[in-house]
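Chemist: For reference, the structure I am asking about is given below.
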Amino acid sequence: MGSMDRQPPQGAAADWTVPQDWASYTHVEHATWDRLFARQSAQLQARAAPSFLAGIDMLKLSKPGIPDFDELNARLGSATGWRVVAVPGLVPDTVFFDHLANRRFVAGRFIRRPDQFDYLEEPDIFHDVFGHVPLLADPIFADYMEAYGKGGLRAMQRGMVEKFARLYWYTVEFGLIRDGDRLKIYGAGIVSSHAETAFALDDPSPNRIAFDTLRTMRTPYRIDDFQQNYFVIESLADLLRRTRDVDFATLYDKLETLPDIAIGDLLEDEQIFTRGTQNYANTRAHSHSIVPGGFDVTS
Ligand code: HBI
Ligand code: FE
């Protein structure tokens, strides 16, 4: 997480954006996108939220390979008014929130190397665009992301960014959604990860808990491995109501008195879809180191 006074690197604009420079991608880079896209689209047919699947078509442009942001933005813009802008990497929180508040989603322009096909620590263009853009074509989720950006700017003034970022993590990145009597995936960190797509829905290890705004903000998360908790929303409209239409000042007052909830713990009075064994977290020999402010993007 960057401090407020970090300056954009050379070649970046004041708002940290850079040109995508689509013409400079190599054949290998386009082929990496196409292979990842084919594998994830197939795996997600029965597992992703219907609104995510509907949005995947947004990424099928006139040319194969990595999406050209100009062409993508013409389509996304007419669907929901969102745009994708390229940035050099992680941007400071204020810059990130300000882009979201104005319906601009920041995306890395680089793609993982072929030897990083299955695991990468920082978000690349496949995570950022395949993972995030399909739902930005949904009008309700589009409003949620704008509201999140506006809420982030207010959270900064309250010194609550760390807690507020947990809301993003457990919804936008690692959220599950109920679909009839089944659970489906909508979080970008899951849908862009081949291994976590299976783990999040099928593994007995993690807890799957009914989403609650305050509860997620009290729950730390791990950036170096599969999640120990997934939070389940009822619908995108319900998520929007429980975030945009609540007074965060009241929630922050409560957060100042309530302790964090230990990462694998469950509360007595919450709705639980799956009581996890936590076997994976407890037995795995961890090979990935924790990168402060970093991202786990397994795929
Ligand atoms: N920058 N490029 C980029 N992508 C992010 O997802 C991102 C960021 N900067 C800050 C940030 N996320 C966090 O503050 C959010 O998780 C709240
Ligand atoms: Fe992401």
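By convention in this document, the chains of the structure tokens carry letters A, B, ... by their order, each chain's residues are numbered from 1, and ligands are numbered from 1 in the order they are shown.
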With only C-alpha atoms as the counted atoms, please give the residues lying no more than 12 Å from Leu61 of chain A, apart from itself and same-chain residues fewer than 3 positions off, as a VMD selection string.
Modeler: chain A and resid 56 to 58 64 to 76
Chemist: Keeping C-alpha atoms, export the residues of the selection given above as a tab-separated table (two decimals), in the first residue's frame.
Modeler:
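Wrote part-v4.tsv, looks like this:
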chain	number	residue	atom	x	y	z
A	56	ILE	CA	-16.83	-12.88	-20.59
A	57	ASP	CA	-18.15	-12.12	-24.09
A	58	MET	CA	-17.08	-8.52	-23.49
A	64	PRO	CA	-7.35	-12.84	-30.75
A	65	GLY	CA	-4.83	-12.43	-27.95
A	66	ILE	CA	-4.53	-9.77	-25.25
A	67	PRO	CA	-7.46	-7.33	-25.44
A	68	ASP	CA	-6.73	-3.95	-26.99
A	69	PHE	CA	-7.98	-1.49	-24.35
A	70	ASP	CA	-9.23	1.02	-26.97
A	71	GLU	CA	-11.55	-1.56	-28.51
A	72	LEU	CA	-12.49	-3.02	-25.12
A	73	ASN	CA	-13.30	0.42	-23.72
A	74	ALA	CA	-15.64	1.28	-26.59
A	75	ARG	CA	-17.72	-1.80	-25.65
A	76	LEU	CA	-17.41	-1.59	-21.88
Chemist: Ligand 1: which residues are within 9 Å, counting only C-alpha atoms and all ligand atoms? Reply as a PyMOL selection string.
Modeler: chain A and resi 1-2+86-97+105-108+123+128+148-149+152+161-162+164-169+173+293+295
Chemist: Mind writing the picked residues with N, CA and C atoms as an mmCIF file, in the first residue's frame?
Modeler:
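Written out: again_29.cif:
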data_model
loop_
_atom_site.group_PDB
_atom_site.id
_atom_site.type_symbol
_atom_site.label_atom_id
_atom_site.label_comp_id
_atom_site.auth_asym_id
_atom_site.auth_seq_id
_atom_site.Cartn_x
_atom_site.Cartn_y
_atom_site.Cartn_z
ATOM 1 N N MET A 1 0.848 -1.180 0.000
ATOM 2 C CA MET A 1 0.000 0.000 0.000
ATOM 3 C C MET A 1 0.893 1.242 0.000
ATOM 4 N N GLY A 2 0.748 2.091 -0.961
ATOM 5 C CA GLY A 2 1.643 3.230 -1.096
ATOM 6 C C GLY A 2 1.234 4.386 -0.209
ATOM 7 N N ALA A 86 -4.322 1.468 -18.231
ATOM 8 C CA ALA A 86 -3.095 0.737 -17.903
ATOM 9 C C ALA A 86 -2.273 1.517 -16.881
ATOM 10 N N VAL A 87 -1.682 0.777 -15.920
ATOM 11 C CA VAL A 87 -0.784 1.367 -14.918
ATOM 12 C C VAL A 87 0.465 0.479 -14.815
ATOM 13 N N PRO A 88 1.581 1.047 -14.277
ATOM 14 C CA PRO A 88 2.828 0.275 -14.247
ATOM 15 C C PRO A 88 2.853 -0.851 -13.206
ATOM 16 N N GLY A 89 1.935 -0.865 -12.252
ATOM 17 C CA GLY A 89 1.953 -1.876 -11.185
ATOM 18 C C GLY A 89 1.011 -1.408 -10.103
ATOM 19 N N LEU A 90 1.340 -1.750 -8.858
ATOM 20 C CA LEU A 90 0.487 -1.286 -7.758
ATOM 21 C C LEU A 90 0.558 0.234 -7.671
ATOM 22 N N VAL A 91 -0.574 0.866 -7.522
ATOM 23 C CA VAL A 91 -0.607 2.325 -7.395
ATOM 24 C C VAL A 91 -1.000 2.673 -5.964
ATOM 25 N N PRO A 92 -0.684 3.883 -5.499
ATOM 26 C CA PRO A 92 -1.053 4.271 -4.128
ATOM 27 C C PRO A 92 -2.575 4.230 -3.937
ATOM 28 N N ASP A 93 -2.987 4.015 -2.697
ATOM 29 C CA ASP A 93 -4.410 3.866 -2.398
ATOM 30 C C ASP A 93 -5.267 5.023 -2.912
ATOM 31 N N THR A 94 -4.828 6.266 -2.670
ATOM 32 C CA THR A 94 -5.641 7.411 -3.150
ATOM 33 C C THR A 94 -5.857 7.360 -4.639
ATOM 34 N N VAL A 95 -4.800 7.030 -5.369
ATOM 35 C CA VAL A 95 -4.886 6.976 -6.832
ATOM 36 C C VAL A 95 -5.851 5.854 -7.246
ATOM 37 N N PHE A 96 -5.716 4.715 -6.588
ATOM 38 C CA PHE A 96 -6.573 3.557 -6.867
ATOM 39 C C PHE A 96 -8.046 3.899 -6.628
ATOM 40 N N PHE A 97 -8.330 4.448 -5.450
ATOM 41 C CA PHE A 97 -9.716 4.774 -5.102
ATOM 42 C C PHE A 97 -10.283 5.854 -6.029
ATOM 43 N N PHE A 105 -10.998 1.399 -14.183
ATOM 44 C CA PHE A 105 -10.360 0.273 -13.517
ATOM 45 C C PHE A 105 -8.898 0.209 -13.942
ATOM 46 N N VAL A 106 -7.986 0.168 -12.968
ATOM 47 C CA VAL A 106 -6.557 0.148 -13.298
ATOM 48 C C VAL A 106 -6.106 -1.295 -13.544
ATOM 49 N N ALA A 107 -5.345 -1.475 -14.625
ATOM 50 C CA ALA A 107 -4.864 -2.812 -14.976
ATOM 51 C C ALA A 107 -3.389 -2.746 -15.341
ATOM 52 N N GLY A 108 -2.638 -3.765 -14.912
ATOM 53 C CA GLY A 108 -1.256 -3.894 -15.375
ATOM 54 C C GLY A 108 -1.270 -4.174 -16.874
ATOM 55 N N PRO A 123 -0.471 -9.012 -9.562
ATOM 56 C CA PRO A 123 -1.501 -9.122 -10.593
ATOM 57 C C PRO A 123 -0.956 -8.745 -11.972
ATOM 58 N N ASP A 128 -6.064 -8.941 -13.991
ATOM 59 C CA ASP A 128 -6.781 -7.653 -13.947
ATOM 60 C C ASP A 128 -7.928 -7.589 -14.962
ATOM 61 N N TYR A 148 -17.411 1.564 -3.994
ATOM 62 C CA TYR A 148 -16.231 1.144 -3.239
ATOM 63 C C TYR A 148 -15.126 2.205 -3.329
ATOM 64 N N GLY A 149 -14.914 2.732 -4.513
ATOM 65 C CA GLY A 149 -13.894 3.769 -4.686
ATOM 66 C C GLY A 149 -14.198 5.009 -3.852
ATOM 67 N N GLY A 152 -13.593 4.285 -0.296
ATOM 68 C CA GLY A 152 -12.156 4.216 -0.007
ATOM 69 C C GLY A 152 -11.584 5.590 0.317
ATOM 70 N N VAL A 161 -8.324 2.466 6.107
ATOM 71 C CA VAL A 161 -8.091 1.793 4.826
ATOM 72 C C VAL A 161 -7.791 0.307 4.990
ATOM 73 N N GLU A 162 -7.033 -0.026 6.041
ATOM 74 C CA GLU A 162 -6.673 -1.432 6.212
ATOM 75 C C GLU A 162 -7.923 -2.298 6.358
ATOM 76 N N PHE A 164 -11.032 -1.377 5.442
ATOM 77 C CA PHE A 164 -11.853 -1.221 4.239
ATOM 78 C C PHE A 164 -11.323 -2.094 3.090
ATOM 79 N N ALA A 165 -10.001 -2.270 3.033
ATOM 80 C CA ALA A 165 -9.400 -3.112 1.993
ATOM 81 C C ALA A 165 -9.833 -4.577 2.151
ATOM 82 N N ARG A 166 -10.146 -4.972 3.386
ATOM 83 C CA ARG A 166 -10.623 -6.343 3.602
ATOM 84 C C ARG A 166 -11.957 -6.570 2.909
ATOM 85 N N LEU A 167 -12.783 -5.551 2.839
ATOM 86 C CA LEU A 167 -14.063 -5.657 2.135
ATOM 87 C C LEU A 167 -13.817 -5.959 0.654
ATOM 88 N N TYR A 168 -12.856 -5.266 0.063
ATOM 89 C CA TYR A 168 -12.508 -5.505 -1.345
ATOM 90 C C TYR A 168 -11.998 -6.934 -1.523
ATOM 91 N N TRP A 169 -11.127 -7.315 -0.603
ATOM 92 C CA TRP A 169 -10.519 -8.648 -0.697
ATOM 93 C C TRP A 169 -11.580 -9.746 -0.675
ATOM 94 N N GLU A 173 -12.272 -9.583 -4.832
ATOM 95 C CA GLU A 173 -11.201 -10.545 -5.152
ATOM 96 C C GLU A 173 -11.579 -12.000 -4.868
ATOM 97 N N GLY A 293 1.995 -5.824 1.274
ATOM 98 C CA GLY A 293 1.304 -5.073 0.231
ATOM 99 C C GLY A 293 1.213 -5.812 -1.085
ATOM 100 N N PHE A 295 0.250 -9.254 -3.623
ATOM 101 C CA PHE A 295 -0.979 -9.924 -4.004
ATOM 102 C C PHE A 295 -0.669 -11.390 -4.284
#
Chemist: Find the distance between atom CA of Ala14 of chain A and atom CA of Ile223 of chain A and write it in Å to one decimal.
Modeler: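 So the answer is 28.7 Å.
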Chemist: Going by DSSP on the backbone, which residues of segment 52-254 of chain A come out as helix (DSSP H, G or I)? List them as a PyMOL selection string.
Modeler: chain A and resi 52-59+69-80+93-101+114-116+125-136+139-157+161-173+188-191+194-202+213-217+236-244+248-254
Chemist: Neighbours of Ile272 of chain A within 10 Å (only C-alpha atoms; same-chain residues fewer than 3 positions away dropped), as an MDAnalysis selection string?
Modeler: chainID A and resid 207:211 231:232 266:269 275:276
Chemist: Would you output that residue set with C-alpha atoms, as a PDB file, in the first residue's frame?
Modeler:
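What landed in again01.pdb:
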ATOM      1  CA  ASN A 207     -14.949 -21.768   5.893  1.00  0.00           C
ATOM      2  CA  ARG A 208     -17.781 -20.522   3.680  1.00  0.00           C
ATOM      3  CA  ILE A 209     -19.675 -17.875   5.619  1.00  0.00           C
ATOM      4  CA  ALA A 210     -22.682 -15.653   4.830  1.00  0.00           C
ATOM      5  CA  PHE A 211     -21.382 -12.202   3.910  1.00  0.00           C
ATOM      6  CA  PHE A 231     -17.834 -14.965   2.200  1.00  0.00           C
ATOM      7  CA  VAL A 232     -21.049 -15.715   0.321  1.00  0.00           C
ATOM      8  CA  LEU A 266     -16.246 -18.738  13.270  1.00  0.00           C
ATOM      9  CA  LEU A 267     -18.727 -16.660  15.283  1.00  0.00           C
ATOM     10  CA  GLU A 268     -21.561 -18.322  17.189  1.00  0.00           C
ATOM     11  CA  ASP A 269     -24.378 -16.347  15.628  1.00  0.00           C
ATOM     12  CA  ARG A 275     -17.592 -25.235   8.495  1.00  0.00           C
ATOM     13  CA  GLY A 276     -14.058 -25.681   7.180  1.00  0.00           C
TER      14      GLY A 276
END
Chemist: Compare A:His127, A:Lys150, A:Arg241, A:Lys254 by their minimum atom-to-atom distance to ligand 2, counting only C-alpha atoms and all ligand atoms, and give me the closest one.
Modeler: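 Comparing A:His127, A:Lys150, A:Arg241, A:Lys254 against ligand 2, the winner is A:His127.
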Chemist: Let me make sure I understand: among A:Phe174, A:Trp22, A:Trp33, A:Trp16, which one has the smallest atom-to-atom distance to ligand 2 if we use only C-alpha atoms and all ligand atoms?
Modeler: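 Of A:Phe174, A:Trp22, A:Trp33, A:Trp16, the one nearest ligand 2 is A:Phe174, counting only C-alpha atoms and all ligand atoms.
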Chemist: Enter the distance from atom CA of Thr213 of chain A to atom CA of Thr80 of chain A, in Å, rounded to one decimal.
Modeler: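 A separation of 24.9 Å between them.
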Chemist: Give me, please, the distance in Å between atom CA of Asp238 of chain A and atom CA of Ala188 of chain A, quoted to one decimal.
Modeler: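 We find that atom CA of Asp238 of chain A and atom CA of Ala188 of chain A lie 18.5 Å from each other.
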Chemist: Pick the closest to ligand 2 from A:Ser41, A:Asn229, A:Thr171, A:Gln116: which is it, counting only C-alpha atoms and all ligand atoms?
Modeler: A:Thr171
Chemist: I'd like the neighbourhood of Gly55 of chain A as a PyMOL selection string, where a residue qualifies if any of its atoms comes within 10 Å (using only C-alpha atoms), though same-chain residues fewer than 4 positions away should be ignored.
Modeler: chain A and resi 50-51+59-60+76+130+132-138
Chemist: Which is closest to ligand 2 among A:Asp247, A:Asp21, A:Glu122, A:Asp179, if we use only C-alpha atoms and all ligand atoms?
Modeler: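 That would be A:Glu122, the residue with the smallest distance to ligand 2.
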Chemist: Looking at A:Ala48, A:Val191, A:Val28, A:Leu240, which one is nearest to ligand 2, with distances taken over only C-alpha atoms and all ligand atoms?
Modeler: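 Closest candidate: A:Val191.
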